[in-house]
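S.K.: Right, I'll just put the structure down here and ask away after.
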Amino acid sequence: MARLSPDNEVLARQIIARYPRSRSALIPLLHVAQEQDGWVSDDAMEHIGELLGLTAAEVLGTCSFYEMFKLERVGTYLVNVCTNISCQLLGGEELLEHVEGRLGVKAGATTPDGMFTVEDVECIAACTEAPCLQVNYRYFHQITNAEFDSLVDDLRSGRRSDEIPPHGTTTRIRQHVPADRWAGLGAEGLPPEVT
Amino acid sequence: MAVTDAPKIITTRFDVADGHTLAGYERTGGYAALRTALGRAPADVLAEVKAANIQGRGGAGFPAGVKWGFLPPDVHPRYLVVNGDESEPGTYKDRLLMERDPHQLIEGVLISSYAVEAKQAFIYVRGEMAHAQERLAAALNEAYAAGLVGRDIAGSGWSMDVVLHWGAGAYIVGEETALIESLEGRRGMPRLKPPFFPAAKGLYMQPTIVNNVETLANVPWIVSNGGAAFAALGTEESAGMRIFALSGHVRRPGVYEVEMGKTTFRDLIEAPIYGGGIRNGGTLKAFIPGGASAPWFYEEHLDLPLSKPSVDKAGSMLGSGAIVVMDHTTDAVKACARVVRFFAHESCGKCTPCREGTTWLHQILQRILAGDGRPSDLELLMDVCDNISPGIAWPPKQTTICPLGPSAVSPIASALVRFRSEFEAYIANGRHAAAVPVEVGARG
Amino acid sequence: MADPLEVVTTVSITIDGRPVEARPGELLIAAAERAGTYIPRFCYHPRMEPVGMCRMCIVEVDTGRGPALQPSCMIPVAEGMAVSTESDVTKKAQDGVLEFLLINHPLDCPVCDKGGECPLQDQTLAFGPGESRFVEEKRHYEKPIPLSGLVSMDRERCILCDRCTRFAKDVAGDPLITFIGRGNETQVNTFPDDPFSSYFSGNTVQICPVGALLAKPYRFKARPWDLDQVESTCTACSVGCRMAVQSSTNRLVRHLGIDVDPVNWGWLCDKGRFDFEAVNAEERLGAPLMRKDEELVEVSWSEALTEVAERLAGASERHGAGSLAVLGGARLANEDAYAWSKLARTVLGTDNVDAQLGDGLPAEVVLGLPRATIDAACQAGTVVLLTPDIKEELPVLYLRLRDAVVSKGLRLIELSPTATGLTGLAAASLRYRPGEAAQVMRSLLAGGDGGAGDGSDDALREAAAILGDGPIVCVLGRPSLAESADSVVAAAGALLEARPGTTFLSALRRGNVHGALDMGLAPGVLPGRVSLHDAREWFTSSWGSLPDTQGLDAAGTLTAAAEGRIQGLVLLGADPLGDFPDRDLARRGIAGAGFVVAIDAFLTESSRQADVVLPAATFGERGGTTTNIEGRISRLSAKVTAPGSARADWMIAVELASRMGSDLGVESVDDLWDEIERVAPSHLGLTRTVLQSLDGADGVLAGPADDVGTAGAPPTMSQADEPGVSAAAAQGQDHLPGNVQTEEAVLGAGAAGGALGSEAVTEAFNADADTADYADGASEEAGGGEEAAVAAAAGAAEDDDAVVGEPSGGGTEGGAGPSRPPAIRFTAAGASGGPPPVDSYSLRLVSGRKLYDAGTFVSHAPSLVTLAPGANLRVNPADLDRLGVTTGTRVRVTSSRTSLVLVADADLGVPKGTAGLWFNQPGQGAADLIDVRGPVTDVRVETLGAGAGHVSARGGGS
Ligand SMILES: Cc1cc2nc3c(=O)[nH]c(=O)nc-3n(C[C@H](O)[C@H](O)[C@H](O)COP(=O)(O)O)c2cc1C
Ligand code: SF4
Ligand code: FES
């Protein structure tokens, strides 16, 4: 429910500067917002619109196209179980059933304590490692039911918080370009843009 | 044919513990090709890649050198966009290339940008691949600090920037014009091409080259060893090495770099160093030769070589190098329905036949699986397919802008023709003919 | 030998085996349509970039490599292309698309506004599958949800064609509606709590190919088959948008934009689209009113007219004809304005006439500057804007300029006292302090040195560089009502002097103000853009006597009235208390006038003060013609009857003249036009035949062709793309027989098509087929377009033996009659005095209009009345800080006229030292502060005493 924090606004401006056209920073900024709050709030979208010279509707239009952006709160841990073909062949659907049973919610729902949200997702590019799932986009290859159960215990008790940041953070390493190294020729010769 | 002993090109550092670091990369020969390239004229480098005859590894298999040659002369700025959106079901190789050997990709990007005279490159990584993003960010930071990217690259006086960008979950964004839309901050809906191909009008309506991660990862080797050396691998119509992700019901699912054209599907599925045969000594029912979009292959296709023309001719495609093997226990209706669900879910919604048609197909299949199928549904399925992809032929005709909609036709046209009785059993009895429980885990 | 420079002008293709000549670069769907083959479509719209989304228009196209299905809306024609629109493959594919569109469509046609004129319904009836094969559950959404106060969205009906969203983004520049979600779950919606408040939102309803977008003012008002339609011209402002006016049971129910190439391209603003509600309003006057015992009471026409005639005659007798004055007329049709102009001069004997209420520019300036058309402005490399906010006052001109900037690279250089709706599109935007427009213009013309405005010299130099040396079109209006017109006129003069080739497009906003000025409703001006002085002889021969001296303008008249020198005042659809910039003077003027008669459709603040009020017919109730900002004359049509005994203004003039013992010599609108054509020099040759010709339907430019600066419009195709909205003449310049067929294909496809055809167009004017053909032929000879229309006009006129003067003014008919008077020419006014001194304790007031204000029509249109934003004082944040005021606080604002309490808002678009205040918003406001005696109005802004203003966070002292 928040606009970007002052620090994140600084980060946002750094990101915007990397693109020949500011609108290209829209998805990266939505990730910044989601990293800040765990989801993308209306206020954040409005703020991002202001930073990029877009209407809030334009921000929402882009944001809502993409699966990863959550327009409502989700759990601290997003459990994405792949049920697509390669995983289906090797028990992906059964794994999902187990996950749903273990966490007591169906795919699409969040546990009452706000810890876990389960999703039945499309292929996550780990097909030779089926069945598999991701927790906050961290992979668990060829995972067994028992392994999943102990993963849940670990997450509940905070034992793996180093390894798996809360929902919203994808990469924990950001690209940094020292000012004297940036070539900065991207926009040269681009026709003027009229919005 | 047999398993060849061709050299590995792009998977050499997969087992080098620090291969993803600058130190590890340079120790194993990294960035030498960049220096070689910078010592030559851009046109020479482009000619080398053209000579290598490397076909794009993203799905369409278009020769990279030829595509680069389409850039209109003297129109600048130009951009290079790296397609790291890998989302086609069954496909698993670009993620590994980005996670395990990020500098190799960066070096390929630099050399390619030099060859096509791009001043800025964007590496568009799939949003769900946090680890790949981290590895690439770290590698780029190292490379910038080491003077290998940015201003005055490696002291050559040539400058360019590489920006790491990642998506947010949408398969269609892998399609190159949708990728560009997404990179411009828009909904990832494909542009109609013609009138514009990205090489002529792409990012910001400027000339833009879009290449797959794997395609570009090959470029340093090509520059170091010469285009001719690359072209000498494989066959004339399908040169070089290629990564295949072999998944499903084989003993040894895995990611294998194999020589194109000289290796067959049978080699890949059965050879002990690759798939090692169908699990549990079972028999092959069907396999998908090139990702979920590809029509299925069967027993009779096993001896086809892994080459674009031969697979095309047999009515499917090598696509994204994803081979999904289904053994005799597979429920063809369920498998088919799952793939159709994917396309329905991932339709961008732009074209009426794709948006409405794929959803409708999915709904019909769900109804059949739920035991509410009607005999007329099978004709209906085929006719709806026909309205998305007229004639249900290969290569597909389409009433849509991009091939996503017609891709949903592939599994239905395959399964319904080959395994019609399984559909009929669902309709008649409300369940699968054999009702075999899925065996969890592959090894066995 | 082939000329190497020869441009390929046609591309040969075959459509269903028939050879067709297409234009290079033309889209296949358009080429086919011109050739009489209508390819079904939903997402394609000829005025927007194609997106190829709906896939309905796919056809088999063979370019030599075998037939392939291609969307005809995306494919440009290519030599040798063979197209099959009827092959089995094409038909199967199109039927398939249609079925896909229908599976989730609710098919609630019987309760849908669009039912009966719905392309989806039409397609389905014509070609669609019978039985549905779709047994699954349809997509469900909450039924219509409001997107704004005017427009609602039924997402279940939406077919996701991207027309409305493309319009909002690409045409209007208001991307407030968008696709949300993905794939099968995509919907069109706004951001939560951020309504689609675009001035152009109604266009989305018109272009929606199904009944998904609904206009509140039309919802459930009528079914298409009950509708009756005429083509007319919007007079909500002076752009002159052509539109279809539709009625049901003698009430106006809908306006739809018509695509005419030189003007509105099919678009309307929401004010023009929805203000028909005012025509239907309960408050309309239907009977004359007369003041008896302080009360206005209904009387008969006879009693009212007798009273008016006697009072005016009496005043004239006692105080001289110079004690009579006529204010207003800019809301009238040309014919009405002409009748009143003639009545004033010949019967009342006064030249105290003014269609403007001190809120425009001097008539000599508007009439005398070399003219530009909208097309010429849009095709000019550079346009200088010296205007109020075009987006607020001339909305569809804003759309045209916006398009020219975005898609044709037009460079706008804006000189304005505050930021406007075009500022974001301008290549350079210079702020000038009110009263200093001329100084800034001179600095700009001098290359940017010695800037006098607030703009830094850098900005001026940059603007000067953009200005370049090429031809310039200047859009000229009155940027602010709180500064006199003098400095703006001086700026225009400086521009014309420095750049003699410059042409001007007027930005005066009131509906037919240009027609009224053309008809001589300004002091010293007679019909046909000639001066009283120069045209005395010419008009004496046709009108008889004329006033001896030039009369007073509106400010002069009100001042004289306030001083008791006006004894008979006619308010001709004018409301000085609402519209004159200085309300104090207006109030004293009306109070001081001996006798006031108001001719109006409503009781306004001013007409409430009148002694007699005569009810007038208004838009949609009367025929005639109107003239737009370019001087383009287009037709108005009557669709419904006026309430009670209200009648057209010209009739009132004729009846009044007769009560005063004179005969205006006309009995109909046609008579009036024939007389105008005969006597108004700028209108010579513009016969009714010309106006009724095919080209005339787009409007005909008045004035000699070489005075008009027309740039040949590019061949833009216009199509009947919405049901019922097909401009008869808008079918492009070549009148291929195929067009007729095409229209039938569109209109005839629906059950209700017949009632809505363009046949109704000619209802008001019964075209004479022979002469129409003649004019048409002439225009083809001359190459089509407007120039042709003018040429045709000349030709037709000659044929009629009418008077056609040389531009220089040679006589005709053997030199017997008086010679044609010269057109008014603008002569740069003497250098105005230096800028008024700046008082650093004051803020200089800037006052322009918003689209929605307290104007008569908006006030009586229930859907629009709530949209007037109200008047807050807009101040630069730095000035607010200096004053110690936080935004949103009430402040006391004091001018030489009065003192008001207003809410102050921070606004970065207002430069330091100035204060913005929208004109004519409900309640007290700018007009109370403005003092027209000075060149500018300065105001003091003070915080209110503790407790009266805002309450501070701590609770404030007590
Ligand atoms: C629906 C769809 C999805 C695609 N997804 C990907 C993808 O994830 N990665 C990729 O490299 N190419 C993908 N492609 C292919 C790209 O459009 C494009 O051909 C490719 O990136 C070009 O690179 P290449 O020539 O190096 O193969 C996809 C194409 C389609 C139609
Ligand atoms: S085929 Fe499907 S995914 Fe491709 S553009 Fe059309 S709607 Fe989008
Ligand atoms: S795709 Fe051509 S009209 Fe919609």
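Identifiers in the structure tokens: chain A, B, ... in order shown; residue index from 1 per chain; ligand index from 1 in order shown.
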Pick out the chain A residues within 7 Å of chain B. Count only C-alpha atoms. Give them as a PyMOL selection string.

M.R.: chain A and resi 23-27+61-62+65-69+84-86+89-91+122-128+137-138+170-177+181-186+188-190

S.K.: Please provide as a ChimeraX atom specification all residues within 8 Å of stretch 471-485 of chain C, with the sequence filter that same-chain residues fewer than 5 positions apart are discarded (counting only C-alpha atoms).

M.R.: /C:359-362,372,376-377,380-389,416-417,434-435,492,499,501-508,581,845-848,919,926,930-932,934-937

S.K.: Would you mind exporting C-alpha atoms of the selected residues as a PDB file, in the first residue's frame?

M.R.:
ATOM      1  CA  ASP C 359     -14.085  37.880 -25.351  1.00  0.00           C
ATOM      2  CA  GLY C 360     -12.586  37.521 -28.782  1.00  0.00           C
ATOM      3  CA  LEU C 361     -10.495  39.594 -31.146  1.00  0.00           C
ATOM      4  CA  PRO C 362     -11.426  42.658 -33.170  1.00  0.00           C
ATOM      5  CA  ALA C 372      -5.179  29.002 -43.171  1.00  0.00           C
ATOM      6  CA  ALA C 376      -2.839  23.692 -43.881  1.00  0.00           C
ATOM      7  CA  ALA C 377      -1.952  24.066 -40.213  1.00  0.00           C
ATOM      8  CA  ALA C 380       2.712  23.167 -42.101  1.00  0.00           C
ATOM      9  CA  GLY C 381       6.141  22.406 -40.754  1.00  0.00           C
ATOM     10  CA  THR C 382       5.684  24.901 -37.973  1.00  0.00           C
ATOM     11  CA  VAL C 383       2.653  26.241 -36.197  1.00  0.00           C
ATOM     12  CA  VAL C 384       2.774  29.156 -33.801  1.00  0.00           C
ATOM     13  CA  LEU C 385       0.069  29.025 -31.182  1.00  0.00           C
ATOM     14  CA  LEU C 386      -1.120  32.262 -29.700  1.00  0.00           C
ATOM     15  CA  THR C 387      -4.332  30.992 -28.271  1.00  0.00           C
ATOM     16  CA  PRO C 388      -6.188  29.962 -25.176  1.00  0.00           C
ATOM     17  CA  ASP C 389      -6.065  26.272 -24.328  1.00  0.00           C
ATOM     18  CA  SER C 416       0.837  31.418 -23.768  1.00  0.00           C
ATOM     19  CA  PRO C 417       0.535  32.888 -20.311  1.00  0.00           C
ATOM     20  CA  PRO C 434      -0.215  38.921 -19.658  1.00  0.00           C
ATOM     21  CA  GLY C 435       0.072  42.044 -21.747  1.00  0.00           C
ATOM     22  CA  ALA C 492       0.129  38.834 -34.749  1.00  0.00           C
ATOM     23  CA  ARG C 499       7.165  36.707 -41.965  1.00  0.00           C
ATOM     24  CA  GLY C 501       3.834  34.564 -45.911  1.00  0.00           C
ATOM     25  CA  THR C 502       2.314  33.598 -42.595  1.00  0.00           C
ATOM     26  CA  THR C 503      -1.298  32.476 -42.647  1.00  0.00           C
ATOM     27  CA  PHE C 504      -3.656  32.414 -39.711  1.00  0.00           C
ATOM     28  CA  LEU C 505      -6.233  30.035 -38.343  1.00  0.00           C
ATOM     29  CA  SER C 506      -8.684  31.630 -35.976  1.00  0.00           C
ATOM     30  CA  ALA C 507      -9.186  30.142 -32.534  1.00  0.00           C
ATOM     31  CA  LEU C 508     -12.319  32.015 -31.533  1.00  0.00           C
ATOM     32  CA  PRO C 581     -15.210  39.379 -19.217  1.00  0.00           C
ATOM     33  CA  LEU C 845      -4.633  37.295 -13.684  1.00  0.00           C
ATOM     34  CA  VAL C 846      -4.996  34.809 -16.537  1.00  0.00           C
ATOM     35  CA  SER C 847      -8.451  33.561 -17.380  1.00  0.00           C
ATOM     36  CA  GLY C 848      -9.390  31.063 -20.042  1.00  0.00           C
ATOM     37  CA  PHE C 919     -13.613  31.778 -16.701  1.00  0.00           C
ATOM     38  CA  ALA C 926     -12.928  35.746 -12.950  1.00  0.00           C
ATOM     39  CA  ILE C 930     -11.644  41.518 -14.455  1.00  0.00           C
ATOM     40  CA  ASP C 931     -11.651  45.216 -15.262  1.00  0.00           C
ATOM     41  CA  VAL C 932     -11.780  45.710 -19.016  1.00  0.00           C
ATOM     42  CA  GLY C 934      -7.109  48.264 -18.248  1.00  0.00           C
ATOM     43  CA  PRO C 935      -4.920  46.135 -20.455  1.00  0.00           C
ATOM     44  CA  VAL C 936      -4.462  43.547 -17.697  1.00  0.00           C
ATOM     45  CA  THR C 937      -6.001  42.701 -14.343  1.00  0.00           C
TER      46      THR C 937
END

S.K.: Enumerate as a PyMOL selection string the residues belonging to chain C that approach chain A to within 9 Å, with only C-alpha atoms taken into account.

M.R.: chain C and resi 169-170+173-183+186+189-192+194+405-406+424-425

S.K.: Up to 6 Å from chain C, what residues of chain B turn up? Count only C-alpha atoms and give them as a compact mmCIF listing (two decimals) with N, CA and C atoms, in the first residue's frame.

M.R.:
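Saved file iface_36.txt follows:
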# COMPACT_ATOMS: atom_id res chain seq x y z
N SER B 347 -1.87 -17.63 -23.97
CA SER B 347 -2.29 -16.77 -25.09
C SER B 347 -2.26 -15.33 -24.63
N CYS B 348 -1.70 -14.48 -25.45
CA CYS B 348 -1.65 -13.07 -25.04
C CYS B 348 -3.01 -12.43 -25.16
N GLY B 349 -3.89 -13.01 -25.95
CA GLY B 349 -5.24 -12.47 -26.06
C GLY B 349 -5.45 -11.56 -27.24
N LYS B 350 -4.42 -11.39 -28.04
CA LYS B 350 -4.56 -10.44 -29.14
C LYS B 350 -5.47 -10.98 -30.25
N CYS B 351 -5.21 -12.20 -30.67
CA CYS B 351 -5.97 -12.74 -31.81
C CYS B 351 -7.21 -13.50 -31.32
N THR B 352 -8.32 -13.22 -31.93
CA THR B 352 -9.55 -13.90 -31.54
C THR B 352 -9.42 -15.42 -31.57
N PRO B 353 -8.92 -16.02 -32.65
CA PRO B 353 -8.89 -17.49 -32.69
C PRO B 353 -8.04 -18.10 -31.59
N ARG B 355 -7.15 -16.55 -28.58
CA ARG B 355 -7.71 -16.23 -27.26
C ARG B 355 -8.94 -17.09 -26.97
N GLU B 356 -9.86 -17.12 -27.91
CA GLU B 356 -11.10 -17.85 -27.67
C GLU B 356 -10.93 -19.33 -27.97
N ASN B 387 -10.05 -24.14 -37.37
CA ASN B 387 -10.32 -22.70 -37.44
C ASN B 387 -9.18 -21.86 -36.87

S.K.: Excluding C:Asn250 and any residue of its chain fewer than 3 positions from it, enumerate the residues within 10 Å of it, using only C-alpha atoms, and give them as JSON, numbers by chain.

M.R.: {"C": [227, 228, 246, 247, 253, 280, 639, 640, 641, 642]}

S.K.: So how far away is atom CA of C:His514 from atom CA of C:Ala491, in Å?

M.R.: 21.0 Å

S.K.: Separation of atom CA of A:Val10 and atom CA of C:Asp907, in Å?

M.R.: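 That distance, rounded to one decimal, is 25.1 Å.
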